[in-house]
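Colleague: I am attaching a structure below and will ask some questions about it afterwards.
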Amino acid sequence: MTGGPVTDGPVIETARLILRPTRMEDFPRWAEAMADSSARFIGGPMPPEIAWRGLMTMAGAWTLTGVAMFSLVEKSSGLWMGRIGPWRPHGWPGNEVGWGVHPDAAGKGYALEAAVAALDYAFDVLGWDEVIHCIDPENVPSQKLARKLGSRVLGMTRCPPPYDQIEAEKWGQSRADWAINRTRLSI
């Protein structure tokens, strides 16, 4: 699936990545990532038809609210490598900076690089005073990333339906915490 309108919005460049709003061209690799077993922590592996709805939700959030996760694109190849960034659906337990990467991106430091840019954006551009990360208690890689960012467990939480049956760890930090934690990261 290609073609159609491109969602306008901010574009952030890091050393190796481009963070930009979701586009239809992202769908093939988005669907691959959502079909992978690692998607068990973000709603569970799903067929392309359901993954498509998720992509549309993210694009719609950009269009209607101006806030949604960025598509994470590798500069050197142009490949979609994941989604990361600010996210605040109706009924969500806080202003989240969340992430989910394609299996190809695992272990390359892309999630950390993009999360730093996304946190900077959430605090500096959106003006958020605090951010959270809703993390499955068994999702060790996401816990490690949250810890590297300086976030800490704030308690347990539940997200709104259809995720209300899953208890998640609520990690987070304030703008003041990020000002200190950001200086410790070499990105």
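Every chain in the structure tokens takes a letter, A first, then B, and so on in the order presented; its residues are numbered from 1, and the ligands are numbered from 1 following the presented order.
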List the neighbours of segment 111-114 of chain A out to 7 Å using only C-alpha atoms; skip same-chain residues closer than 3 positions along the sequence, and give me the result as a ChimeraX atom specification.

Modeller: /A:84,117-118,145,187

Colleague: If you run DSSP on the backbone here, which positions in chain A get alpha helix (DSSP H)? Please write them as a count of residues only.

Modeller: 61

Colleague: Excluding Glu169 of chain A and its own-chain neighbours fewer than 3 positions away, which residues fall within 7 Å of it when counting only C-alpha atoms? Please give them as a ChimeraX atom specification.

Modeller: /A:134-137,153,155-157

Colleague: Would you mind writing down, as a list in words, each residue of segment 15-69 of chain A that DSSP on the backbone assigns to strand (DSSP E or B)?

Modeller: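 Reading the DSSP output for segment 15-69 of chain A, strand (DSSP E or B) covers Leu17, Ile18, Leu19 and Arg20 of chain A.
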
Colleague: Compare A:Glu138, A:Glu130, A:Glu25, A:Asp124 by their minimum atom-to-atom distance to Leu154 of chain A, counting only C-alpha atoms, and give me the closest one.

Modeller: A:Glu130

Colleague: Could you check which of A:Glu74, A:Ala146, A:Ala59, A:Arg23 is closest to Trp99 of chain A, using only C-alpha atoms?

Modeller: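 So, comparing all the options, the nearest one is A:Ala146.
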
Colleague: Write out as a PyMOL selection string the residues lying within 7 Å of Val73 of chain A, counting only C-alpha atoms and excluding same-chain residues fewer than 6 positions away.

Modeller: chain A and resi 17-19+79-81

Colleague: Pick out the residues sitting within 10 Å of Arg88 of chain A, and hand them over as JSON, numbers by chain; count only C-alpha atoms, and ignore anything fewer than 2 positions along from it in its own chain.

Modeller: {"A": [61, 65, 67, 68, 69, 86, 90, 91, 92, 93, 94, 95, 96, 97, 98]}

Colleague: Write to file, as a compact mmCIF listing (two decimals), in the first residue's frame, the residues of the selection just made, with N, CA, C and O atoms.

Modeller:
# COMPACT_ATOMS: atom_id res chain seq x y z
N ALA A 61 -4.12 10.41 14.84
CA ALA A 61 -3.75 11.20 16.02
C ALA A 61 -2.89 12.39 15.60
O ALA A 61 -3.07 13.51 16.10
N THR A 65 -4.76 15.74 16.50
CA THR A 65 -4.26 16.32 17.74
C THR A 65 -2.87 16.92 17.63
O THR A 65 -2.45 17.67 18.52
N VAL A 67 -0.26 15.23 18.06
CA VAL A 67 0.58 14.47 18.99
C VAL A 67 0.39 12.99 18.71
O VAL A 67 -0.72 12.46 18.79
N ALA A 68 1.47 12.31 18.37
CA ALA A 68 1.46 10.87 18.15
C ALA A 68 2.90 10.40 18.07
O ALA A 68 3.82 11.21 17.98
N MET A 69 3.07 9.09 18.10
CA MET A 69 4.42 8.56 17.98
C MET A 69 4.97 8.85 16.59
O MET A 69 4.24 8.83 15.61
N PRO A 86 5.64 10.80 21.73
CA PRO A 86 4.56 11.20 22.60
C PRO A 86 3.23 10.56 22.19
O PRO A 86 2.94 10.41 21.01
N HIS A 90 -7.23 9.09 24.67
CA HIS A 90 -8.28 9.39 25.64
C HIS A 90 -8.28 8.33 26.75
O HIS A 90 -8.26 7.14 26.48
N GLY A 91 -8.25 8.78 27.99
CA GLY A 91 -8.28 7.88 29.13
C GLY A 91 -6.95 7.27 29.52
O GLY A 91 -6.89 6.46 30.44
N TRP A 92 -5.89 7.64 28.83
CA TRP A 92 -4.55 7.09 29.12
C TRP A 92 -4.10 7.56 30.49
O TRP A 92 -4.47 8.66 30.93
N PRO A 93 -3.27 6.79 31.21
CA PRO A 93 -2.88 7.16 32.57
C PRO A 93 -1.84 8.27 32.68
O PRO A 93 -1.30 8.51 33.76
N GLY A 94 -1.55 8.97 31.61
CA GLY A 94 -0.61 10.08 31.64
C GLY A 94 -0.08 10.39 30.26
O GLY A 94 -0.44 9.74 29.27
N ASN A 95 0.76 11.39 30.17
CA ASN A 95 1.43 11.75 28.92
C ASN A 95 2.57 10.77 28.70
O ASN A 95 3.56 10.81 29.43
N GLU A 96 2.41 9.90 27.72
CA GLU A 96 3.40 8.84 27.52
C GLU A 96 4.36 9.16 26.39
O GLU A 96 3.97 9.70 25.37
N VAL A 97 5.61 8.79 26.59
CA VAL A 97 6.55 8.64 25.49
C VAL A 97 6.77 7.13 25.42
O VAL A 97 7.36 6.53 26.32
N GLY A 98 6.22 6.54 24.37
CA GLY A 98 6.28 5.09 24.22
C GLY A 98 7.12 4.70 23.02
O GLY A 98 7.57 5.55 22.25

Colleague: Counting only C-alpha atoms, which of A:Thr14, A:Met34, A:Gly66, A:Val125 gets nearest to Arg53 of chain A?

Modeller: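 Among the listed residues, A:Met34 lies closest to Arg53 of chain A.
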
Colleague: Can you pull out the residues contacting Gly100 of chain A? Cut-off 10 Å, using only C-alpha atoms, and skip same-chain residues under 2 positions away; I want them as number ranges by chain.

Modeller: A: 30, 33-34, 38-39, 41-42, 69, 71-72, 81-85, 98, 102-103, 105-106, 111, 142

Colleague: Produce a file of the selected residues containing C-alpha atoms, as a tab-separated table (two decimals), in the first residue's frame.

Modeller:
chain	number	residue	atom	x	y	z
A	30	TRP	CA	4.90	-1.78	10.53
A	33	ALA	CA	6.87	-5.60	13.43
A	34	MET	CA	3.33	-6.08	14.70
A	38	SER	CA	8.09	-9.16	20.32
A	39	ALA	CA	4.73	-7.42	19.76
A	41	PHE	CA	4.25	-6.44	24.88
A	42	ILE	CA	2.30	-3.91	22.78
A	69	MET	CA	4.42	8.56	17.98
A	71	SER	CA	7.91	6.80	12.66
A	72	LEU	CA	11.57	5.98	13.19
A	81	MET	CA	12.59	0.89	12.11
A	82	GLY	CA	9.79	1.51	14.58
A	83	ARG	CA	7.59	4.02	16.28
A	84	ILE	CA	8.49	6.16	19.23
A	85	GLY	CA	7.32	9.31	20.86
A	98	GLY	CA	6.28	5.09	24.22
A	102	HIS	CA	11.04	-3.53	14.30
A	103	PRO	CA	13.10	-6.66	15.10
A	105	ALA	CA	16.30	-2.35	15.04
A	106	ALA	CA	16.83	-4.37	18.22
A	111	ALA	CA	15.44	3.11	20.59
A	142	SER	CA	11.80	-1.71	27.65

Colleague: To one decimal in Å, tell me the separation between atom CA of Arg147 of chain A and atom CA of Asp164 of chain A.

Modeller: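 For atom CA of Arg147 of chain A relative to atom CA of Asp164 of chain A, the distance reads 24.6 Å.
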
Colleague: One decimal, in Å: what's the spacing between atom CA of Gly109 of chain A and atom CA of Leu149 of chain A?

Modeller: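 Between these atoms lies a distance of 12.3 Å.
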
Colleague: Mind giving me the straight-line distance from atom CA of Met56 of chain A to atom CA of Gly9 of chain A in Å, one decimal?

Modeller: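 Atom CA of Gly9 of chain A lies 15.3 Å from atom CA of Met56 of chain A.
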
Colleague: Wanna dump the segment 129-148 of chain A-segment 171-176 of chain A contacts at 6 Å for me, each residue with its shortest atom pair and the distance in Å to one decimal, counting only C-alpha atoms, ordered by chain and number, as JSON lines?

Modeller:
{"residue": "A:Asp129", "atom": "CA", "partner": "A:Arg175", "partner_atom": "CA", "distance": 5.1}
{"residue": "A:Glu130", "atom": "CA", "partner": "A:Ser174", "partner_atom": "CA", "distance": 4.1}
{"residue": "A:Val131", "atom": "CA", "partner": "A:Gly172", "partner_atom": "CA", "distance": 5.4}
{"residue": "A:Ile132", "atom": "CA", "partner": "A:Gly172", "partner_atom": "CA", "distance": 4.0}
{"residue": "A:His133", "atom": "CA", "partner": "A:Trp171", "partner_atom": "CA", "distance": 5.0}

Colleague: Go through A:Gln165, A:Trp128, A:Ser77, A:Tyr121 and flag the residue nearest Arg16 of chain A, using only C-alpha atoms for the distances.

Modeller: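 Smallest distance to Arg16 of chain A is found for A:Ser77.
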